[in-house]
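Source file: final-v7.txt; contents: compact mmCIF, C-alpha atoms.
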```txt
# COMPACT_ATOMS: atom_id res chain seq x y z
CA GLY O 1 0.00 0.00 0.00
CA GLU O 2 0.95 3.65 0.04
CA SER O 3 3.52 4.53 2.64
CA VAL O 4 6.10 7.01 3.73
CA GLY O 5 9.33 5.42 4.85
CA LEU O 6 12.86 6.27 5.77
CA HIS O 7 16.05 4.69 4.44
CA LEU O 8 18.05 4.84 7.69
CA PRO O 9 16.62 4.32 11.14
CA THR O 10 19.67 5.81 12.91
CA LEU O 11 22.28 8.38 12.00
CA SER O 12 25.29 9.34 14.09
CA VAL O 13 27.36 12.41 13.20
CA GLN O 14 30.07 14.54 14.74
CA GLU O 15 29.27 18.01 15.96
CA GLY O 16 29.87 20.50 13.18
CA ASP O 17 29.30 18.01 10.37
CA ASN O 18 26.40 18.21 7.97
CA SER O 19 23.59 15.68 8.36
CA ILE O 20 21.37 14.26 5.66
CA ILE O 21 18.19 12.41 6.55
CA ASN O 22 16.32 10.67 3.76
CA CYS O 23 12.72 9.76 3.20
CA ALA O 24 10.98 7.79 0.45
CA TYR O 25 7.32 8.12 -0.32
CA SER O 26 5.15 6.09 -2.63
CA ASN O 27 1.93 8.11 -2.88
CA SER O 28 2.20 10.09 -6.09
CA ALA O 29 -0.81 12.13 -5.00
CA SER O 30 1.15 13.66 -2.15
CA ASP O 31 1.65 17.36 -2.73
CA TYR O 32 2.81 18.67 0.60
CA PHE O 33 5.57 17.40 2.84
CA ILE O 34 6.71 18.35 6.30
CA TRP O 35 9.74 17.51 8.40
CA TYR O 36 9.23 17.26 12.14
CA LYS O 37 11.77 16.98 14.94
CA GLN O 38 10.81 15.11 18.08
CA GLU O 39 12.98 15.28 21.16
CA SER O 40 12.64 12.73 23.90
CA GLY O 41 9.46 13.25 25.93
CA LYS O 42 8.18 16.03 23.68
CA GLY O 43 5.73 16.43 20.86
CA PRO O 44 6.83 16.75 17.22
CA GLN O 45 8.12 20.19 16.33
CA PHE O 46 7.72 21.63 12.84
CA ILE O 47 11.05 22.19 11.07
CA ILE O 48 10.33 22.93 7.44
CA ASP O 49 7.82 22.14 4.74
CA ILE O 50 7.80 21.94 0.98
CA ARG O 51 5.11 21.87 -1.66
CA SER O 52 5.23 19.60 -4.67
CA ASN O 53 5.74 22.51 -7.06
CA MET O 54 9.14 23.12 -5.47
CA ASP O 55 12.42 21.17 -5.58
CA LYS O 56 14.20 22.86 -2.73
CA ARG O 57 13.47 25.01 0.25
CA GLN O 58 15.87 26.49 2.74
CA GLY O 59 15.44 27.49 6.32
CA GLN O 60 17.83 28.36 9.08
CA ARG O 61 20.55 25.67 8.86
CA VAL O 62 18.08 23.30 7.21
CA THR O 63 17.33 22.52 3.61
CA VAL O 64 14.67 20.20 2.24
CA LEU O 65 15.04 18.66 -1.19
CA LEU O 66 12.21 17.04 -3.07
CA ASN O 67 12.74 14.72 -6.02
CA LYS O 68 9.33 13.86 -7.40
CA THR O 69 10.77 11.66 -10.13
CA VAL O 70 12.01 9.10 -7.62
CA LYS O 71 9.61 10.10 -4.83
CA HIS O 72 12.39 11.05 -2.47
CA LEU O 73 12.65 13.70 0.21
CA SER O 74 15.70 14.69 2.20
CA LEU O 75 16.48 16.98 5.10
CA GLN O 76 19.92 18.51 5.28
CA ILE O 77 21.11 20.03 8.54
CA ALA O 78 24.19 22.20 8.31
CA ALA O 79 26.78 22.37 11.10
CA THR O 80 24.92 19.84 13.22
CA GLN O 81 24.80 20.67 16.91
CA PRO O 82 24.17 18.48 19.97
CA GLY O 83 20.76 20.15 20.29
CA ASP O 84 19.84 18.64 16.95
CA SER O 85 19.85 15.17 18.48
CA ALA O 86 16.29 13.88 18.12
CA VAL O 87 14.05 11.68 16.00
CA TYR O 88 13.20 13.22 12.66
CA PHE O 89 9.98 12.32 10.88
CA CYS O 90 8.93 13.16 7.38
CA ALA O 91 5.20 13.46 6.85
CA GLU O 92 3.11 13.68 3.72
CA ASN O 93 -0.28 15.09 2.99
CA PRO O 94 -1.87 13.58 -0.12
CA ARG O 95 -3.91 15.96 -2.20
CA GLY O 96 -7.56 15.98 -1.18
CA SER O 97 -6.93 13.81 1.86
CA ASN O 98 -8.78 16.06 4.27
CA TYR O 99 -5.49 16.60 6.01
CA LYS O 100 -4.57 13.07 6.92
CA LEU O 101 -0.91 13.56 7.62
CA THR O 102 0.97 10.29 7.26
CA PHE O 103 4.24 10.01 9.11
CA GLY O 104 7.29 8.03 8.08
CA LYS O 105 9.07 5.66 10.46
CA GLY O 106 11.52 8.21 11.81
CA THR O 107 15.30 8.55 11.95
CA LEU O 108 17.16 8.91 15.22
CA LEU O 109 19.91 11.49 14.81
CA THR O 110 22.68 11.42 17.40
CA VAL O 111 25.24 14.21 17.42
CA ASN O 112 28.53 13.36 19.10
CA PRO O 113 30.44 16.26 20.70
CA ASP C 1 0.61 32.42 21.31
CA THR C 2 1.81 29.54 19.14
CA GLU C 3 1.28 26.75 21.59
CA VAL C 4 -0.89 23.72 21.87
CA THR C 5 -1.28 22.92 25.55
CA GLN C 6 -2.11 19.45 26.77
CA THR C 7 -3.05 18.37 30.28
CA PRO C 8 -2.18 16.32 32.16
CA LYS C 9 1.40 15.61 31.12
CA HIS C 10 1.30 12.18 32.73
CA LEU C 11 -1.66 9.97 33.62
CA VAL C 12 -1.86 6.54 35.22
CA MET C 13 -5.28 4.93 35.19
CA GLY C 14 -6.82 1.58 35.95
CA MET C 15 -8.78 -0.39 33.42
CA THR C 16 -12.07 0.49 35.09
CA ASN C 17 -11.36 4.20 35.41
CA LYS C 18 -12.80 7.08 33.42
CA LYS C 19 -10.46 9.93 32.65
CA SER C 20 -10.15 12.77 30.15
CA LEU C 21 -7.27 14.30 28.26
CA LYS C 22 -7.49 17.98 27.47
CA CYS C 23 -6.03 20.09 24.69
CA GLU C 24 -6.20 23.84 24.15
CA GLN C 25 -4.99 26.25 21.47
CA HIS C 26 -5.56 29.96 20.99
CA MET C 27 -4.14 30.36 17.51
CA GLY C 28 -7.53 30.52 15.81
CA HIS C 29 -6.94 27.13 14.22
CA ARG C 30 -10.07 25.46 12.90
CA ALA C 31 -8.76 21.91 12.74
CA MET C 32 -7.71 19.85 15.72
CA TYR C 33 -6.38 16.32 15.90
CA TRP C 34 -5.67 13.46 18.25
CA TYR C 35 -2.72 11.20 17.53
CA LYS C 36 -1.46 8.15 19.37
CA GLN C 37 2.24 7.40 19.51
CA LYS C 38 3.79 4.20 20.79
CA ALA C 39 7.46 4.09 21.77
CA LYS C 40 9.87 4.32 18.83
CA LYS C 41 6.97 4.62 16.37
CA PRO C 42 5.56 7.52 14.38
CA PRO C 43 2.36 9.26 15.48
CA GLU C 44 -0.82 7.60 14.23
CA LEU C 45 -3.90 9.66 13.49
CA MET C 46 -6.98 8.90 15.61
CA PHE C 47 -9.46 11.75 15.08
CA VAL C 48 -9.79 14.96 13.12
CA TYR C 49 -12.11 17.80 14.05
CA SER C 50 -12.86 20.35 11.39
CA TYR C 51 -14.74 23.48 12.45
CA GLU C 52 -15.68 21.72 15.69
CA LYS C 53 -17.22 18.75 13.90
CA LEU C 54 -15.74 15.28 13.82
CA SER C 55 -14.59 14.71 10.26
CA ILE C 56 -12.32 11.69 10.58
CA ASN C 57 -12.39 8.72 12.93
CA GLU C 58 -9.63 6.29 12.01
CA SER C 59 -11.59 3.26 13.23
CA VAL C 60 -10.70 4.03 16.82
CA PRO C 61 -12.32 1.80 19.49
CA SER C 62 -15.29 3.34 21.26
CA ARG C 63 -13.44 3.34 24.58
CA PHE C 64 -11.87 6.53 23.17
CA SER C 65 -14.44 9.30 22.84
CA PRO C 66 -13.41 12.69 21.45
CA GLU C 67 -15.20 15.94 22.12
CA CYS C 68 -14.72 19.46 20.78
CA PRO C 69 -16.63 21.87 23.05
CA ASN C 70 -15.47 24.94 21.11
CA SER C 71 -12.90 26.00 18.56
CA SER C 72 -10.13 26.22 21.15
CA LEU C 73 -10.68 23.04 23.12
CA LEU C 74 -10.41 19.36 22.36
CA ASN C 75 -10.98 16.55 24.83
CA LEU C 76 -10.40 12.83 24.67
CA HIS C 77 -12.54 10.85 27.10
CA LEU C 78 -11.15 7.49 28.15
CA HIS C 79 -13.11 4.59 29.58
CA ALA C 80 -12.33 0.92 30.13
CA LEU C 81 -8.93 1.12 28.51
CA GLN C 82 -6.56 -1.78 28.08
CA PRO C 83 -2.86 -1.91 28.99
CA GLU C 84 -2.01 -1.87 25.26
CA ASP C 85 -3.58 1.59 25.08
CA SER C 86 -0.63 2.93 27.05
CA ALA C 87 1.09 5.47 24.80
CA LEU C 88 1.84 9.13 24.24
CA TYR C 89 -1.33 10.91 23.15
CA LEU C 90 -0.65 13.97 21.06
CA CYS C 91 -2.99 16.80 20.23
CA ALA C 92 -2.34 18.98 17.21
CA SER C 93 -4.00 21.87 15.44
CA SER C 94 -3.75 23.52 12.07
CA LEU C 95 -5.10 26.71 10.57
CA GLN C 96 -7.08 24.99 7.86
CA PRO C 97 -8.49 21.49 7.91
CA GLN C 98 -8.78 20.40 4.33
CA GLY C 99 -5.77 19.17 2.46
CA ALA C 100 -4.29 22.62 2.63
CA ASP C 101 -0.63 23.41 2.71
CA THR C 102 -0.53 24.18 6.36
CA GLU C 103 1.52 22.56 9.04
CA ALA C 104 0.12 21.01 12.19
CA PHE C 105 1.36 22.28 15.54
CA PHE C 106 1.69 19.62 18.20
CA GLY C 107 1.35 19.72 21.94
CA GLN C 108 3.82 18.04 24.25
CA GLY C 109 1.55 15.07 24.71
CA THR C 110 0.04 13.16 27.61
CA ARG C 111 1.97 10.07 28.63
CA LEU C 112 -0.77 7.57 29.47
CA THR C 113 -0.17 4.37 31.38
CA VAL C 114 -3.01 1.90 31.82
CA VAL C 115 -2.56 -0.54 34.70
```
structure tokens encoding of this file:
Amino acid sequence: GESVGLHLPTLSVQEGDNSIINCAYSNSASDYFIWYKQESGKGPQFIIDIRSNMDKRQGQRVTVLLNKTVKHLSLQIAATQPGDSAVYFCAENPRGSNYKLTFGKGTLLTVNP
Amino acid sequence: DTEVTQTPKHLVMGMTNKKSLKCEQHMGHRAMYWYKQKAKKPPELMFVYSYEKLSINESVPSRFSPECPNSSLLNLHLHALQPEDSALYLCASSLQPQGADTEAFFGQGTRLTVV
């Protein structure tokens, strides 16, 4: 069935390095994507979003890339900091879905000092 | 105010108890949601309220009963739960309810333990 998944369940990086978290989706009707960060014991926190008419969007230290041809989404975090350690979820909102956000499995990012 | 506030933060209840989870937002959002999240899993949608009316029920058992008293409040009434219902219950809200390009803001969740 349709799903949103992640290639890597865990990612460990050194402080100061760049991090790349990947996400694959299979629902071609999805037209809006969101990355959330969830720290231990907290609710998901919005990081950045992208619409299907865009290939790239940049925020503060974060960039999301969307490749609709291969149905792939990535989150790049520049100069990763210990405070970036968390689980990162991609989520998709298929067109006309009445806002049924579907979350991917999540990637645990650990930043080593 | 860009917060979704959930109370209580932690709740332990017996299988015969009745309890309620509460959620509040003052951002003028017209869609509110309940999600359930088990450990090391992504959030799973339970209910969607759109303009204070229940628009989506993801086949949730009737021991979970949502209520939206007004546009700022969302409750989840719990009765006769099972230990497997123990999870983090997340409330979220968004400006627009229908497939729109608008992100959902999440509360910190209620950590529920059923004993």
Return the neighbours of chain C among the residues of chain O, cut-off 12 Å, counting only C-alpha atoms, as an mmCIF file with C-alpha atoms, in the frame of the given file.
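Written file, result-v5.cif:
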```
data_model
loop_
_atom_site.group_PDB
_atom_site.id
_atom_site.type_symbol
_atom_site.label_atom_id
_atom_site.label_comp_id
_atom_site.auth_asym_id
_atom_site.auth_seq_id
_atom_site.Cartn_x
_atom_site.Cartn_y
_atom_site.Cartn_z
ATOM 1 C CA VAL O 4 6.100 7.010 3.730
ATOM 2 C CA GLY O 5 9.330 5.420 4.850
ATOM 3 C CA LEU O 6 12.860 6.270 5.770
ATOM 4 C CA PRO O 9 16.620 4.320 11.140
ATOM 5 C CA THR O 10 19.670 5.810 12.910
ATOM 6 C CA ALA O 29 -0.810 12.130 -5.000
ATOM 7 C CA SER O 30 1.150 13.660 -2.150
ATOM 8 C CA ASP O 31 1.650 17.360 -2.730
ATOM 9 C CA TYR O 32 2.810 18.670 0.600
ATOM 10 C CA PHE O 33 5.570 17.400 2.840
ATOM 11 C CA ILE O 34 6.710 18.350 6.300
ATOM 12 C CA TRP O 35 9.740 17.510 8.400
ATOM 13 C CA TYR O 36 9.230 17.260 12.140
ATOM 14 C CA LYS O 37 11.770 16.980 14.940
ATOM 15 C CA GLN O 38 10.810 15.110 18.080
ATOM 16 C CA GLU O 39 12.980 15.280 21.160
ATOM 17 C CA SER O 40 12.640 12.730 23.900
ATOM 18 C CA GLY O 41 9.460 13.250 25.930
ATOM 19 C CA LYS O 42 8.180 16.030 23.680
ATOM 20 C CA GLY O 43 5.730 16.430 20.860
ATOM 21 C CA PRO O 44 6.830 16.750 17.220
ATOM 22 C CA GLN O 45 8.120 20.190 16.330
ATOM 23 C CA PHE O 46 7.720 21.630 12.840
ATOM 24 C CA ILE O 47 11.050 22.190 11.070
ATOM 25 C CA ILE O 48 10.330 22.930 7.440
ATOM 26 C CA ASP O 49 7.820 22.140 4.740
ATOM 27 C CA ILE O 50 7.800 21.940 0.980
ATOM 28 C CA ARG O 51 5.110 21.870 -1.660
ATOM 29 C CA SER O 52 5.230 19.600 -4.670
ATOM 30 C CA ASN O 53 5.740 22.510 -7.060
ATOM 31 C CA ALA O 86 16.290 13.880 18.120
ATOM 32 C CA VAL O 87 14.050 11.680 16.000
ATOM 33 C CA TYR O 88 13.200 13.220 12.660
ATOM 34 C CA PHE O 89 9.980 12.320 10.880
ATOM 35 C CA CYS O 90 8.930 13.160 7.380
ATOM 36 C CA ALA O 91 5.200 13.460 6.850
ATOM 37 C CA GLU O 92 3.110 13.680 3.720
ATOM 38 C CA ASN O 93 -0.280 15.090 2.990
ATOM 39 C CA PRO O 94 -1.870 13.580 -0.120
ATOM 40 C CA ARG O 95 -3.910 15.960 -2.200
ATOM 41 C CA GLY O 96 -7.560 15.980 -1.180
ATOM 42 C CA SER O 97 -6.930 13.810 1.860
ATOM 43 C CA ASN O 98 -8.780 16.060 4.270
ATOM 44 C CA TYR O 99 -5.490 16.600 6.010
ATOM 45 C CA LYS O 100 -4.570 13.070 6.920
ATOM 46 C CA LEU O 101 -0.910 13.560 7.620
ATOM 47 C CA THR O 102 0.970 10.290 7.260
ATOM 48 C CA PHE O 103 4.240 10.010 9.110
ATOM 49 C CA GLY O 104 7.290 8.030 8.080
ATOM 50 C CA LYS O 105 9.070 5.660 10.460
ATOM 51 C CA GLY O 106 11.520 8.210 11.810
ATOM 52 C CA THR O 107 15.300 8.550 11.950
ATOM 53 C CA LEU O 108 17.160 8.910 15.220
#
```
Exercise. Hey, can you check how far CA of Lys22 (chain C) sits from CA of Gly83 (chain O)?
Worked result: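 Separation between CA of Lys22 (chain C) and CA of Gly83 (chain O): 29.2 Å.
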Exercise. So how many Å separate CA of Leu74 (chain C) and CA of Val114 (chain C), to one decimal?
Worked result: 21.2 Å
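Here the selection is built from all atoms listed in the file, and the residues within 10 Å of (29.7, 19.7, 12.6) turn out to be Val13, Gln14, Glu15, Gly16, Asp17, Asn18, Ser19, Ile77, Ala78, Ala79, Thr80, Gln81, Pro82, Val111, Asn112 and Pro113 of chain O.
Atom pair CA of Val12 (chain C) / CA of Ser71 (chain C): separated by 27.9 Å.
Considering all atoms listed in the file, the residue among C:Tyr51, C:Met32, C:Pro83, C:Met27 positioned nearest to Pro66 (chain C) is C:Met32.
Taking only C-alpha atoms into account, Leu109 (chain O) lies nearest to O:Leu11 out of the set O:Thr69, O:Arg61, O:Leu11, O:Ser26.
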Can you rebuild region 35-46 of chain C with all heavy atoms and give it as a short mmCIF file (atom, residue, chain, number, x, y, z; two decimals), keeping the file's coordinate frame?
```cif
data_model
loop_
_atom_site.label_atom_id
_atom_site.label_comp_id
_atom_site.auth_asym_id
_atom_site.auth_seq_id
_atom_site.Cartn_x
_atom_site.Cartn_y
_atom_site.Cartn_z
N TYR C 35 -3.62 12.24 18.02
CA TYR C 35 -2.72 11.20 17.53
C TYR C 35 -2.31 10.32 18.72
O TYR C 35 -2.23 10.78 19.85
CB TYR C 35 -1.43 11.79 16.94
CG TYR C 35 -1.56 12.40 15.58
CD1 TYR C 35 -2.04 13.69 15.40
CD2 TYR C 35 -1.16 11.68 14.45
CE1 TYR C 35 -2.13 14.25 14.13
CE2 TYR C 35 -1.25 12.23 13.18
CZ TYR C 35 -1.73 13.52 13.04
OH TYR C 35 -1.82 14.07 11.79
N LYS C 36 -2.00 9.08 18.39
CA LYS C 36 -1.46 8.15 19.37
C LYS C 36 -0.06 7.76 18.92
O LYS C 36 0.16 7.48 17.74
CB LYS C 36 -2.34 6.90 19.45
CG LYS C 36 -1.80 5.78 20.33
CD LYS C 36 -2.74 4.58 20.28
CE LYS C 36 -2.21 3.41 21.11
NZ LYS C 36 -3.13 2.25 21.07
N GLN C 37 0.88 7.76 19.87
CA GLN C 37 2.24 7.40 19.51
C GLN C 37 2.81 6.39 20.50
O GLN C 37 2.95 6.67 21.69
CB GLN C 37 3.15 8.64 19.46
CG GLN C 37 4.55 8.33 18.94
CD GLN C 37 5.42 9.56 18.84
OE1 GLN C 37 5.23 10.55 19.54
NE2 GLN C 37 6.40 9.52 17.93
N LYS C 38 3.12 5.21 19.99
CA LYS C 38 3.79 4.20 20.79
C LYS C 38 5.30 4.44 20.73
O LYS C 38 5.81 5.11 19.81
CB LYS C 38 3.46 2.80 20.27
CG LYS C 38 1.98 2.47 20.28
CD LYS C 38 1.45 2.18 21.66
CE LYS C 38 1.65 0.74 22.05
NZ LYS C 38 1.00 0.44 23.36
N ALA C 39 6.01 3.86 21.68
CA ALA C 39 7.46 4.09 21.77
C ALA C 39 8.16 3.69 20.47
O ALA C 39 7.89 2.63 19.90
CB ALA C 39 8.03 3.30 22.94
N LYS C 40 9.05 4.56 20.02
CA LYS C 40 9.87 4.32 18.83
C LYS C 40 9.05 4.15 17.55
O LYS C 40 9.52 3.55 16.58
CB LYS C 40 10.78 3.10 19.02
CG LYS C 40 11.73 3.22 20.20
CD LYS C 40 12.64 2.03 20.26
CE LYS C 40 13.39 1.94 21.58
NZ LYS C 40 14.48 2.80 21.73
N LYS C 41 7.82 4.68 17.55
CA LYS C 41 6.97 4.62 16.37
C LYS C 41 6.52 6.02 15.99
O LYS C 41 6.54 6.92 16.82
CB LYS C 41 5.73 3.75 16.66
CG LYS C 41 6.04 2.30 16.97
CD LYS C 41 6.51 1.56 15.75
CE LYS C 41 6.66 0.08 16.04
NZ LYS C 41 7.17 -0.65 14.85
N PRO C 42 6.09 6.20 14.75
CA PRO C 42 5.56 7.52 14.38
C PRO C 42 4.16 7.74 14.95
O PRO C 42 3.47 6.77 15.29
CB PRO C 42 5.51 7.45 12.85
CG PRO C 42 5.39 6.00 12.54
CD PRO C 42 6.15 5.28 13.61
N PRO C 43 3.73 8.99 15.04
CA PRO C 43 2.36 9.26 15.48
C PRO C 43 1.36 8.66 14.49
O PRO C 43 1.57 8.69 13.28
CB PRO C 43 2.28 10.79 15.47
CG PRO C 43 3.69 11.26 15.55
CD PRO C 43 4.49 10.23 14.82
N GLU C 44 0.25 8.15 15.04
CA GLU C 44 -0.82 7.60 14.23
C GLU C 44 -2.09 8.41 14.47
O GLU C 44 -2.50 8.60 15.62
CB GLU C 44 -1.08 6.13 14.59
CG GLU C 44 0.09 5.21 14.28
CD GLU C 44 -0.19 3.78 14.68
OE1 GLU C 44 -1.20 3.53 15.38
OE2 GLU C 44 0.59 2.90 14.30
N LEU C 45 -2.70 8.84 13.39
CA LEU C 45 -3.90 9.66 13.49
C LEU C 45 -5.05 8.86 14.09
O LEU C 45 -5.29 7.70 13.71
CB LEU C 45 -4.29 10.18 12.11
CG LEU C 45 -5.48 11.11 12.04
CD1 LEU C 45 -5.17 12.43 12.75
CD2 LEU C 45 -5.88 11.36 10.59
N MET C 46 -5.77 9.52 15.03
CA MET C 46 -6.98 8.90 15.61
C MET C 46 -8.22 9.64 15.13
O MET C 46 -9.14 9.04 14.60
CB MET C 46 -6.90 8.97 17.14
CG MET C 46 -5.73 8.24 17.76
SD MET C 46 -5.65 8.51 19.54
CE MET C 46 -7.05 7.55 20.12
#
```
